[in-house]
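Student: My structure file my_file.cif, mmCIF, C-alpha atoms, is below:
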```cif
data_input
loop_
_atom_site.label_atom_id
_atom_site.label_comp_id
_atom_site.auth_asym_id
_atom_site.auth_seq_id
_atom_site.Cartn_x
_atom_site.Cartn_y
_atom_site.Cartn_z
CA MET E 165 17.38 -23.93 -0.16
CA LYS E 166 15.20 -25.63 -2.76
CA THR E 167 11.82 -24.21 -3.64
CA ASP E 168 10.06 -27.21 -2.11
CA GLU E 169 11.89 -26.63 1.14
CA LEU E 170 10.90 -22.98 1.09
CA ILE E 171 7.26 -23.96 0.57
CA THR E 172 7.39 -26.38 3.48
CA MET E 173 8.99 -23.70 5.60
CA LEU E 174 6.39 -21.07 4.72
CA ALA E 175 3.45 -23.43 5.25
CA SER E 176 4.76 -24.96 8.46
CA GLY E 177 2.77 -23.71 11.41
CA ALA E 178 1.16 -20.97 9.29
CA ASN E 179 -1.74 -19.74 11.34
CA ALA E 180 -4.90 -17.88 10.49
CA VAL E 181 -4.56 -14.38 9.10
CA GLU E 182 -6.60 -11.59 10.59
CA PRO E 183 -9.44 -11.07 8.10
CA HIS E 184 -9.72 -7.27 8.29
CA ALA E 185 -6.04 -6.42 8.47
CA LEU E 186 -6.29 -3.67 5.86
CA ARG E 187 -9.28 -1.93 7.40
CA ARG E 188 -7.77 -2.08 10.88
CA ARG E 189 -4.48 -0.67 9.66
CA TYR E 190 -6.09 2.31 7.95
CA ALA E 191 -8.44 2.96 10.87
CA LEU E 192 -5.41 3.08 13.14
CA ALA E 193 -3.46 5.32 10.78
CA LEU E 194 -6.35 7.73 10.23
CA GLY E 195 -7.08 7.87 13.96
CA TRP E 196 -3.51 8.63 15.03
CA GLY E 197 -2.84 10.82 12.01
CA ALA E 198 -5.96 12.93 12.53
CA PHE E 199 -5.06 13.22 16.21
CA GLY E 200 -1.58 14.44 15.30
CA THR E 201 -2.83 16.89 12.70
CA THR E 202 -5.49 18.28 15.06
CA LEU E 203 -2.94 18.62 17.84
CA LEU E 204 -0.52 20.43 15.52
CA MET E 205 -3.23 22.82 14.42
CA THR E 206 -4.35 23.48 18.00
CA ILE E 207 -0.81 24.22 19.13
CA LEU E 208 0.26 26.29 16.13
CA LEU E 209 -2.89 28.10 15.11
CA GLY E 210 -5.98 27.36 17.16
CA VAL E 211 -9.58 27.27 15.98
CA ARG E 212 -10.92 30.60 14.75
CA PRO E 213 -12.65 32.41 17.64
CA ASP E 214 -15.77 33.24 15.62
CA LEU E 215 -16.41 29.64 14.60
CA ALA E 216 -20.05 29.68 15.77
CA ALA E 217 -20.79 32.78 13.70
CA ALA E 218 -18.92 31.41 10.68
CA ALA E 219 -20.96 28.20 10.85
CA GLN E 220 -24.00 30.26 9.87
CA LEU E 221 -22.54 30.86 6.41
CA PRO E 222 -23.21 28.29 3.68
CA MET E 223 -19.72 28.85 2.25
CA PHE E 224 -18.20 27.67 5.54
CA TRP E 225 -19.82 24.28 4.96
CA VAL E 226 -18.69 24.22 1.35
CA LYS E 227 -15.19 24.81 2.64
CA LEU E 228 -15.50 21.72 4.86
CA ALA E 229 -17.37 19.60 2.33
CA PHE E 230 -14.79 20.16 -0.40
CA PRO E 231 -11.76 18.60 1.34
CA ALA E 232 -14.03 16.02 2.99
CA ALA E 233 -15.30 14.82 -0.41
CA LEU E 234 -11.78 14.75 -1.77
CA ALA E 235 -10.59 12.84 1.30
CA ALA E 236 -13.34 10.24 0.81
CA GLY E 237 -12.27 9.67 -2.80
CA ALA E 238 -8.59 9.58 -1.86
CA LEU E 239 -9.28 7.07 0.92
CA LEU E 240 -11.03 4.79 -1.54
CA ALA E 241 -8.12 5.11 -3.96
CA THR E 242 -5.57 4.53 -1.21
CA VAL E 243 -7.32 1.37 -0.03
CA ARG E 244 -7.60 0.00 -3.56
CA LEU E 245 -3.99 0.79 -4.37
CA SER E 246 -2.90 -1.12 -1.25
CA ARG E 247 -4.07 -4.48 -2.61
CA PRO E 248 -2.34 -6.08 -5.58
CA GLY E 249 -4.54 -6.42 -8.65
CA VAL E 250 -7.42 -4.17 -7.58
CA ARG E 251 -8.40 -1.64 -10.21
CA LEU E 252 -9.19 1.99 -9.48
CA GLY E 253 -12.30 1.93 -11.67
CA ARG E 254 -14.25 5.15 -11.33
CA VAL E 255 -12.46 6.41 -8.24
CA PRO E 256 -10.37 9.01 -10.13
CA ALA E 257 -13.58 10.48 -11.56
CA ALA E 258 -15.07 10.62 -8.06
CA MET E 259 -11.96 12.48 -6.91
CA ALA E 260 -12.09 14.96 -9.80
CA ALA E 261 -15.76 15.78 -9.20
CA PRO E 262 -15.37 17.97 -6.06
CA VAL E 263 -12.45 19.87 -7.62
CA LEU E 264 -14.41 20.56 -10.79
CA ALA E 265 -17.43 21.62 -8.74
CA VAL E 266 -15.36 24.16 -6.78
CA TRP E 267 -13.73 25.45 -9.97
CA LEU E 268 -17.15 25.86 -11.55
CA LEU E 269 -18.37 27.74 -8.49
CA ALA E 270 -15.23 29.88 -8.57
CA ALA E 271 -15.80 30.73 -12.22
CA VAL E 272 -19.38 31.76 -11.50
CA VAL E 273 -18.28 33.92 -8.56
CA LEU E 274 -15.49 35.61 -10.52
CA LEU E 275 -17.65 36.26 -13.57
CA GLY E 276 -20.35 37.78 -11.38
CA ALA E 277 -17.95 40.06 -9.51
CA ALA E 278 -16.81 43.54 -10.47
CA PRO E 279 -13.25 43.51 -11.91
CA ALA E 280 -11.95 45.53 -8.99
CA GLU E 281 -13.19 42.92 -6.48
CA ARG E 282 -11.64 39.95 -8.24
CA PRO E 283 -8.11 40.08 -6.77
CA GLN E 284 -9.52 40.03 -3.25
CA LEU E 285 -11.71 37.02 -4.14
CA VAL E 286 -8.68 35.14 -5.49
CA TYR E 287 -5.95 36.12 -3.07
CA GLY E 288 -7.87 36.89 0.10
CA ASP E 289 -5.50 37.90 2.91
CA THR E 290 -3.64 34.65 3.45
CA TRP E 291 -2.83 33.12 0.07
CA VAL E 292 0.90 33.20 0.85
CA TYR E 293 0.75 30.81 3.82
CA CYS E 294 -2.41 28.85 3.15
CA PRO E 295 -0.85 26.15 0.91
CA ILE E 296 2.22 25.86 3.12
CA ILE E 297 0.16 25.49 6.29
CA ILE E 298 -2.09 22.85 4.70
CA ALA E 299 0.98 20.90 3.63
CA ALA E 300 2.55 21.24 7.09
CA LEU E 301 -0.62 20.14 8.86
CA SER E 302 -0.83 17.07 6.64
CA VAL E 303 2.53 15.73 7.87
CA PRO E 304 1.26 13.59 10.83
CA LEU E 305 -1.50 12.08 8.69
CA PHE E 306 0.91 11.50 5.84
CA GLY E 307 3.40 9.67 8.02
CA ALA E 308 0.70 7.46 9.53
CA LEU E 309 -0.75 6.63 6.11
CA LEU E 310 2.65 5.73 4.67
CA TRP E 311 3.20 3.43 7.65
CA ALA E 312 -0.16 1.73 6.98
CA MET E 313 0.52 1.37 3.27
CA LYS E 314 4.03 0.10 3.81
CA GLY E 315 2.59 -2.89 5.70
CA LEU E 316 0.26 -3.74 2.82
CA ALA E 317 1.18 -4.41 -0.79
CA PRO E 318 0.91 -1.47 -3.19
CA THR E 319 2.19 -2.39 -6.64
CA ARG E 320 1.85 1.01 -8.34
CA LEU E 321 4.10 2.98 -6.07
CA VAL E 322 3.92 6.43 -7.66
CA LEU E 323 0.13 6.41 -7.67
CA ALA E 324 -0.02 4.86 -4.20
CA GLY E 325 2.27 7.53 -2.75
CA ALA E 326 0.33 10.31 -4.47
CA SER E 327 -2.95 8.95 -3.23
CA ALA E 328 -1.76 8.70 0.38
CA GLY E 329 -0.36 12.24 0.07
CA LEU E 330 -3.61 13.60 -1.32
CA LEU E 331 -5.57 11.94 1.48
CA ALA E 332 -3.24 13.50 4.04
CA GLY E 333 -3.47 16.87 2.28
CA ALA E 334 -7.28 16.75 2.20
CA GLY E 335 -7.26 15.86 5.91
CA GLY E 336 -4.92 18.76 6.62
CA ALA E 337 -7.15 21.13 4.62
CA LEU E 338 -10.23 19.90 6.46
CA ILE E 339 -8.67 20.65 9.85
CA TYR E 340 -7.17 23.94 8.63
CA ALA E 341 -10.62 25.07 7.45
CA LEU E 342 -11.54 25.40 11.14
CA HIS E 343 -8.90 28.10 11.52
CA CYS E 344 -8.81 29.77 8.13
CA THR E 345 -11.13 32.74 7.58
CA GLU E 346 -11.02 32.79 3.79
CA ILE E 347 -14.37 31.91 2.40
CA THR E 348 -14.43 32.42 -1.36
CA ALA E 349 -14.65 29.65 -3.93
CA PRO E 350 -11.74 31.03 -6.03
CA PHE E 351 -9.53 30.93 -2.94
CA LEU E 352 -10.48 27.30 -2.24
CA GLY E 353 -10.10 26.33 -5.87
CA ILE E 354 -6.56 27.69 -6.08
CA TRP E 355 -4.82 27.76 -2.71
CA TYR E 356 -6.53 24.83 -1.00
CA VAL E 357 -6.01 22.73 -4.11
CA LEU E 358 -2.38 23.78 -4.24
CA GLY E 359 -1.92 23.00 -0.54
CA MET E 360 -3.37 19.50 -0.95
CA SER E 361 -1.28 18.95 -4.09
CA ILE E 362 1.99 19.47 -2.24
CA PRO E 363 1.82 16.26 -0.15
CA ALA E 364 0.38 14.43 -3.19
CA ALA E 365 3.41 15.45 -5.26
CA VAL E 366 5.78 14.53 -2.44
CA GLY E 367 4.01 11.16 -2.17
CA ALA E 368 4.41 10.51 -5.88
CA ALA E 369 8.10 11.32 -5.62
CA ILE E 370 8.91 9.24 -2.54
CA GLY E 371 6.42 6.39 -3.09
CA PRO E 372 8.74 4.19 -5.21
CA TRP E 373 11.41 4.56 -2.58
CA VAL E 374 9.44 4.42 0.68
CA LEU E 375 6.73 1.92 -0.23
CA ARG E 376 8.83 -0.81 -1.86
CA TRP E 377 8.37 -4.36 -0.58
CA MET B 148 -12.93 -18.76 -14.26
CA SER B 149 -10.62 -21.67 -14.82
CA ALA B 150 -10.57 -24.82 -12.72
CA SER B 151 -7.10 -23.90 -11.43
CA GLU B 152 -8.38 -20.55 -10.24
CA ASP B 153 -11.29 -22.13 -8.35
CA ARG B 154 -9.16 -24.82 -6.74
CA LEU B 155 -6.35 -22.46 -5.80
CA LYS B 156 -8.73 -19.89 -4.42
CA ASP B 157 -10.45 -22.51 -2.30
CA LEU B 158 -7.05 -23.63 -0.96
CA LEU B 159 -5.96 -20.08 -0.19
CA VAL B 160 -9.19 -19.16 1.58
CA ARG B 161 -8.79 -22.24 3.78
CA ALA B 162 -5.13 -21.40 4.32
CA LEU B 163 -5.96 -17.88 5.45
CA ALA B 164 -8.33 -19.41 8.00
CA GLY B 165 -5.42 -21.38 9.47
CA ASP B 166 -5.38 -24.63 7.44
CA ALA B 167 -1.63 -25.29 7.04
CA PRO B 168 -1.91 -28.40 4.79
CA ALA B 169 -4.18 -26.44 2.42
CA TYR B 170 -1.60 -23.67 2.44
CA HIS B 171 1.15 -26.13 1.57
CA ALA B 172 -0.89 -27.47 -1.35
CA PHE B 173 -1.64 -23.92 -2.47
CA LEU B 174 2.00 -22.85 -2.49
CA GLN B 175 3.04 -26.08 -4.21
CA GLU B 176 0.62 -25.63 -7.07
CA LEU B 177 1.21 -21.89 -7.24
CA SER B 178 4.97 -22.38 -7.54
CA ALA B 179 4.49 -24.48 -10.70
CA HIS B 180 2.30 -21.80 -12.26
CA LEU B 181 4.73 -19.06 -11.27
CA ARG B 182 7.64 -21.01 -12.73
CA ALA B 183 5.90 -21.44 -16.09
CA PHE B 184 4.76 -17.82 -16.09
CA LEU B 185 8.19 -16.42 -15.22
CA ARG B 186 10.08 -18.77 -17.56
CA GLY B 187 8.01 -17.41 -20.41
CA ARG B 188 8.93 -13.87 -19.48
CA LEU B 189 12.56 -14.36 -18.54
CA SER B 190 13.66 -16.34 -21.58
CA ARG B 191 16.84 -14.26 -21.74
CA LEU B 192 17.56 -14.75 -18.06
CA PRO B 193 16.83 -18.44 -17.43
CA ASP B 194 19.13 -18.51 -14.41
CA GLU B 195 17.00 -15.96 -12.62
CA VAL B 196 13.74 -17.91 -12.87
CA GLU B 197 13.98 -20.08 -9.77
CA ASP B 198 15.26 -17.20 -7.64
CA LEU B 199 12.31 -15.11 -8.73
CA VAL B 200 9.88 -17.98 -8.09
CA GLN B 201 11.19 -18.12 -4.53
CA GLU B 202 11.12 -14.36 -4.10
CA THR B 203 7.53 -14.24 -5.36
CA LEU B 204 6.44 -17.09 -3.06
CA LEU B 205 7.95 -15.25 -0.11
CA ALA B 206 6.15 -12.07 -1.21
CA VAL B 207 2.84 -13.93 -1.50
CA HIS B 208 3.39 -15.28 2.00
CA ASN B 209 4.37 -11.96 3.58
CA GLN B 210 1.56 -10.07 1.86
CA ARG B 211 -1.15 -12.73 2.11
CA HIS B 212 -3.20 -10.53 4.45
CA THR B 213 -3.89 -8.23 1.49
CA TYR B 214 -5.91 -10.87 -0.38
CA ASP B 215 -9.62 -10.18 -0.37
CA ALA B 216 -11.73 -13.27 -1.01
CA GLY B 217 -14.09 -11.16 -3.13
CA GLN B 218 -11.29 -10.51 -5.59
CA PRO B 219 -10.20 -12.81 -8.47
CA LEU B 220 -7.14 -14.71 -7.32
CA THR B 221 -5.58 -14.43 -10.79
CA ALA B 222 -5.52 -10.64 -10.56
CA TRP B 223 -3.91 -10.70 -7.11
CA ILE B 224 -1.23 -13.24 -8.02
CA HIS B 225 -0.53 -11.64 -11.37
CA ALA B 226 -0.05 -8.22 -9.79
CA ILE B 227 2.42 -9.61 -7.24
CA ALA B 228 4.35 -11.67 -9.79
CA ARG B 229 4.49 -8.74 -12.19
CA TYR B 230 5.60 -6.38 -9.45
CA LYS B 231 8.49 -8.67 -8.53
CA LEU B 232 9.34 -9.26 -12.20
CA VAL B 233 9.38 -5.55 -13.04
CA ASP B 234 11.43 -4.91 -9.90
CA LEU B 235 14.02 -7.44 -11.05
CA LEU B 236 14.11 -6.08 -14.59
CA ARG B 237 14.41 -2.51 -13.36
CA ARG B 238 17.40 -3.44 -11.24
CA ARG B 239 19.02 -4.91 -14.32
CA ALA B 240 17.77 -2.18 -16.63
CA GLY B 241 19.74 -1.64 -19.78
CA ARG B 242 21.42 -4.99 -19.77
CA ASP B 243 18.51 -7.22 -20.69
CA ALA B 244 15.34 -6.88 -22.62
CA LEU B 245 12.06 -8.14 -21.28
CA ASN B 246 9.33 -10.04 -23.02
CA ASP B 247 6.42 -7.73 -22.33
CA PRO B 248 5.51 -8.28 -18.71
CA LEU B 249 2.52 -5.97 -19.13
CA ASP B 250 0.33 -8.72 -20.43
CA ASP B 251 -3.06 -10.08 -19.64
CA GLU B 252 -3.50 -11.38 -16.13
CA ILE B 253 -5.49 -14.40 -17.29
CA GLU B 254 -2.21 -16.03 -18.24
CA VAL B 255 -0.81 -16.63 -14.78
CA PHE B 256 -2.52 -19.97 -14.29
CA ALA B 257 -2.45 -20.93 -17.98
CA ALA B 258 0.62 -23.11 -17.68
CA SER B 259 2.35 -25.09 -15.01
CA ASP B 260 5.94 -26.25 -14.69
CA THR B 261 7.11 -28.48 -11.86
CA ALA B 262 10.69 -28.92 -13.09
CA ALA B 263 12.56 -26.61 -10.74
CA ASP B 264 16.12 -25.61 -11.49
CA ASP B 265 18.39 -24.98 -8.56
CA ALA B 266 18.02 -21.52 -7.13
CA ARG B 267 21.25 -19.55 -7.39
CA ARG B 268 20.61 -17.61 -4.24
CA ASP B 269 20.52 -19.78 -1.13
CA LEU B 270 17.80 -18.56 1.21
CA ALA B 271 19.22 -20.75 3.97
CA LYS B 272 22.42 -18.68 3.85
CA LEU B 273 20.46 -15.41 3.96
CA LEU B 274 18.51 -16.80 6.91
CA GLU B 275 21.76 -17.19 8.85
CA ARG B 276 22.35 -13.46 8.59
CA LEU B 277 19.17 -12.59 10.48
CA PRO B 278 19.51 -11.54 14.13
CA ASP B 279 18.84 -14.30 16.68
CA ARG B 280 15.47 -12.92 17.74
CA GLN B 281 14.23 -13.55 14.19
CA ARG B 282 16.44 -16.45 13.11
CA LEU B 283 15.75 -18.74 16.09
CA PRO B 284 11.94 -18.50 15.90
CA ILE B 285 12.08 -19.27 12.15
CA ILE B 286 14.41 -22.23 12.66
CA HIS B 287 12.41 -23.74 15.49
CA MET B 288 8.91 -23.05 14.21
CA LYS B 289 9.21 -23.03 10.46
CA LEU B 290 12.08 -25.45 9.81
CA GLN B 291 11.88 -27.85 12.76
CA GLY B 292 8.11 -27.64 12.99
CA LEU B 293 7.88 -26.91 16.71
CA SER B 294 4.82 -25.21 18.15
CA VAL B 295 4.95 -21.64 19.44
CA ILE B 296 5.01 -22.91 23.03
CA GLU B 297 7.85 -25.35 22.35
CA ALA B 298 9.84 -22.74 20.45
CA ALA B 299 9.34 -20.29 23.30
CA ARG B 300 10.62 -22.88 25.78
CA MET B 301 13.65 -23.73 23.60
CA THR B 302 14.74 -20.13 23.19
CA GLY B 303 13.60 -18.58 26.45
CA MET B 304 11.65 -16.02 24.42
CA SER B 305 8.01 -15.18 25.06
CA GLU B 306 5.34 -16.67 22.78
CA ALA B 307 4.52 -13.21 21.45
CA ALA B 308 8.19 -12.60 20.67
CA ILE B 309 8.35 -15.91 18.77
CA LYS B 310 5.40 -14.94 16.58
CA VAL B 311 6.75 -11.45 15.97
CA GLY B 312 10.20 -12.90 15.24
CA VAL B 313 8.86 -15.24 12.55
CA HIS B 314 6.80 -12.49 10.98
CA ARG B 315 9.53 -9.85 10.98
CA GLY B 316 12.22 -12.36 10.04
CA LEU B 317 10.43 -13.40 6.86
CA LYS B 318 9.88 -9.74 5.96
CA ALA B 319 13.56 -9.03 6.63
CA LEU B 320 14.45 -11.96 4.39
CA ALA B 321 12.41 -10.44 1.57
CA ALA B 322 14.15 -7.09 2.15
CA MET B 323 17.57 -8.76 2.00
CA ILE B 324 16.72 -10.38 -1.33
CA ARG B 325 15.49 -7.07 -2.66
CA ASP B 326 18.56 -5.14 -1.63
CA GLU B 327 21.26 -7.63 -2.54
CA ARG B 328 20.90 -7.30 -6.29
#
```
Any chance you could give the structure as structure tokens?
Tutor:
Amino acid sequence: MKTDELITMLASGANAVEPHALRRRYALALGWGAFGTTLLMTILLGVRPDLAAAAQLPMFWVKLAFPAALAAGALLATVRLSRPGVRLGRVPAAMAAPVLAVWLLAAVVLLGAAPAERPQLVYGDTWVYCPIIIAALSVPLFGALLWAMKGLAPTRLVLAGASAGLLAGAGGALIYALHCTEITAPFLGIWYVLGMSIPAAVGAAIGPWVLRW
Amino acid sequence: MSASEDRLKDLLVRALAGDAPAYHAFLQELSAHLRAFLRGRLSRLPDEVEDLVQETLLAVHNQRHTYDAGQPLTAWIHAIARYKLVDLLRRRAGRDALNDPLDDEIEVFAASDTAADDARRDLAKLLERLPDRQRLPIIHMKLQGLSVIEAARMTGMSEAAIKVGVHRGLKALAAMIRDER
């Protein structure tokens, strides 16, 4: 087939393209993914029984705001990485900001605490499973996001995979925060960050293979 | 921006709204720019140029829903062409050197070359390997120029299945090209 014939073939009967294809795809993926992650959490763990009491504590809201802010940045990055030729601009800085803020808070808390209290602030009671559970809860979101991205056109596949993974991880952490009773900044800054990093690392590793087009 | 950029962008925006003649003109002009751009970068692999022009055109077509009219067309086209170029070079890694594909995106529309060599890979042959539910819609709609309704009548498929068949068939074609090398 000559190139001119290919062009005629591609143009023949080409109809209008849906203008908001990207937005619709991500809305669908986030909707189904969040549903799956919430369902998984409800079945496996359940919401903490003292949620109403916990909601009185400012740190509870920090624990929700932190993954939410990271998810917002990661969503922006994911959307930009899905279109060829769109630069990330300041998005990486916007993603680093909530992490740095939590680390700063953690440093203040640790420095202000008595040495004997510090291990409890860092490890809490659940540090062993927290990262694993966050990573596990992110799976439905991660799958849905990879599906959405696969139908678009990422050209930087390692970054694109990492960004989708981080978004899924932040979503998983956000949902998990409704179950988890840990409430210290050092705990968030280490174990939540680690938990969200697992799907991001997996995404970076499988991106070039899964997202190719 | 250059005159080419403005004209091509205008054509593409109309094409995305359903103007098939504008789309034909867009692809025609784009192919000449792609050929010049890729020839410059594949000087050691001249035989690959026309194949890659075709592969990139197919990619532009399959991914055209990712173009945002607020975005410079040069950046979008350059990123797609570079992606396909790097993909090709990676598959042949070690055997051939490349002439810096990581260049400035302004260059995509800088030159134009309408002298097409013959492609080595025959897309018509690849098309024959598609399953009927994808191959027949493409043949009737895209090669014979029938409407969706006529193609549906010819094949006994539903109109929705015809549209899906064309869409998935062209994506499958791109995947076959990608995996054959």
Student: Check which residues satisfy the PyMOL selection byres ((chain B and resi 312) around 8) in the file shown, then give them as an mmCIF file with C-alpha atoms, keeping the file's coordinate frame.
Tutor:
```cif
data_model
loop_
_atom_site.group_PDB
_atom_site.id
_atom_site.type_symbol
_atom_site.label_atom_id
_atom_site.label_comp_id
_atom_site.auth_asym_id
_atom_site.auth_seq_id
_atom_site.Cartn_x
_atom_site.Cartn_y
_atom_site.Cartn_z
ATOM 1 C CA ARG B 280 15.470 -12.920 17.740
ATOM 2 C CA GLN B 281 14.230 -13.550 14.190
ATOM 3 C CA ARG B 282 16.440 -16.450 13.110
ATOM 4 C CA PRO B 284 11.940 -18.500 15.900
ATOM 5 C CA ILE B 285 12.080 -19.270 12.150
ATOM 6 C CA ALA B 308 8.190 -12.600 20.670
ATOM 7 C CA ILE B 309 8.350 -15.910 18.770
ATOM 8 C CA LYS B 310 5.400 -14.940 16.580
ATOM 9 C CA VAL B 311 6.750 -11.450 15.970
ATOM 10 C CA VAL B 313 8.860 -15.240 12.550
ATOM 11 C CA HIS B 314 6.800 -12.490 10.980
ATOM 12 C CA ARG B 315 9.530 -9.850 10.980
ATOM 13 C CA GLY B 316 12.220 -12.360 10.040
#
```
Student: Using the chain letters and numbering of this document, enumerate as a count of residues only the residues selected by the PyMOL selection byres ((chain E) within 8 of (chain B)).
Tutor: 29
Student: Name every residue that the PyMOL selection byres ((chain E and resi 368) around 8) selects in this structure, writing the answer as JSON, numbers by chain with chains first and numbers rising.
Tutor: {"E": [321, 322, 323, 324, 325, 326, 327, 329, 364, 365, 366, 367, 369, 370, 371, 372]}
Student: Give the answer as one residue: which of E:Ile298, E:Val292, E:Ala219, E:Ala265 has the shortest atom-to-atom distance to Ser361 (chain E), using only C-alpha atoms?
Tutor: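 The closest residue to Ser361 (chain E) is E:Ile298.
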Student: What is the CA of Leu375 (chain E) to CA of Arg320 (chain E) distance in Å?
Tutor: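 Here the two named atoms are 9.5 Å from each other.
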Student: Find the spatial neighbours of Thr345 (chain E), counting all atoms listed in the file, within a cut-off of 12 Å - ignore same-chain residues fewer than 3 positions away - and output them as a list of chain:residue names.
Tutor: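 That gives E:Val211, E:Arg212, E:Pro213, E:Asp214, E:Leu215, E:Ala217, E:Ala218, E:Ala219, E:Leu221, E:Met223, E:Phe224, E:Lys227, E:Gly288, E:Asp289, E:Thr290, E:Trp291, E:Cys294, E:Tyr340, E:Ala341, E:Leu342, E:Thr348, E:Phe351, E:Leu352.
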Student: Which value, in Å to one decimal, gives the distance between CA of Leu264 (chain E) and CA of Ala280 (chain E)?
Tutor: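 Atom-to-atom, CA of Leu264 (chain E) and CA of Ala280 (chain E) are spaced 25.2 Å apart.
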Student: In Å, how far is it from CA of Leu310 (chain E) to CA of Gly197 (chain E)?
Tutor: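 A separation of 10.5 Å between them.
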Student: Tell me, as a count of residues only, which residues lie within 9 Å of Gly237 (chain E), counting all atoms listed in the file; anything in the same chain fewer than 6 positions away does not count.
Tutor: 7
Student: Which neighbours of Leu268 (chain E) fall inside 12 Å, counting all atoms listed in the file, when residues of the same chain fewer than 5 positions from it are skipped, and could you give them as a PyMOL selection string?
Tutor: chain E and resi 261-263+273-275+349-350+352-353
Student: Of the candidates E:Ala191, E:Ala300, E:Val357, E:Ile362, which one gets nearest to Val243 (chain E) if we count all atoms listed in the file?
Tutor: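 So, comparing all the options, the nearest one is E:Ala191.
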Student: Quick one: of E:Met313, E:Leu234, E:Leu301, E:Leu358, who's nearest to Ala328 (chain E), counting all atoms listed in the file?
Tutor: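 Distance minimum relative to Ala328 (chain E) lands on E:Met313.
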Student: Output region 200-215 of chain B with N, CA and C atoms present, as a short mmCIF file (atom, residue, chain, number, x, y, z; two decimals), keeping the file's coordinate frame.
Tutor:
```cif
data_model
loop_
_atom_site.label_atom_id
_atom_site.label_comp_id
_atom_site.auth_asym_id
_atom_site.auth_seq_id
_atom_site.Cartn_x
_atom_site.Cartn_y
_atom_site.Cartn_z
N VAL B 200 10.99 -17.16 -8.60
CA VAL B 200 9.88 -17.98 -8.09
C VAL B 200 9.89 -17.93 -6.56
N GLN B 201 11.08 -18.12 -5.99
CA GLN B 201 11.19 -18.12 -4.53
C GLN B 201 10.87 -16.75 -3.94
N GLU B 202 11.38 -15.71 -4.60
CA GLU B 202 11.12 -14.36 -4.10
C GLU B 202 9.62 -14.05 -4.14
N THR B 203 8.96 -14.50 -5.23
CA THR B 203 7.53 -14.24 -5.36
C THR B 203 6.73 -15.05 -4.33
N LEU B 204 7.13 -16.29 -4.08
CA LEU B 204 6.44 -17.09 -3.06
C LEU B 204 6.55 -16.42 -1.68
N LEU B 205 7.75 -15.93 -1.39
CA LEU B 205 7.95 -15.25 -0.11
C LEU B 205 7.08 -13.99 -0.04
N ALA B 206 6.99 -13.27 -1.16
CA ALA B 206 6.15 -12.07 -1.21
C ALA B 206 4.68 -12.42 -1.00
N VAL B 207 4.22 -13.48 -1.66
CA VAL B 207 2.84 -13.93 -1.50
C VAL B 207 2.57 -14.24 -0.03
N HIS B 208 3.55 -14.92 0.59
CA HIS B 208 3.39 -15.28 2.00
C HIS B 208 3.34 -14.03 2.89
N ASN B 209 4.30 -13.14 2.72
CA ASN B 209 4.37 -11.96 3.58
C ASN B 209 3.20 -11.02 3.37
N GLN B 210 2.63 -11.01 2.17
CA GLN B 210 1.56 -10.07 1.86
C GLN B 210 0.20 -10.76 1.79
N ARG B 211 0.09 -11.98 2.31
CA ARG B 211 -1.15 -12.73 2.11
C ARG B 211 -2.34 -12.09 2.80
N HIS B 212 -2.09 -11.23 3.80
CA HIS B 212 -3.20 -10.53 4.45
C HIS B 212 -3.84 -9.49 3.55
N THR B 213 -3.27 -9.21 2.38
CA THR B 213 -3.89 -8.23 1.49
C THR B 213 -4.83 -8.89 0.48
N TYR B 214 -4.97 -10.23 0.55
CA TYR B 214 -5.91 -10.87 -0.38
C TYR B 214 -7.33 -10.74 0.15
N ASP B 215 -8.21 -10.32 -0.72
CA ASP B 215 -9.62 -10.18 -0.37
C ASP B 215 -10.37 -11.27 -1.13
#
```
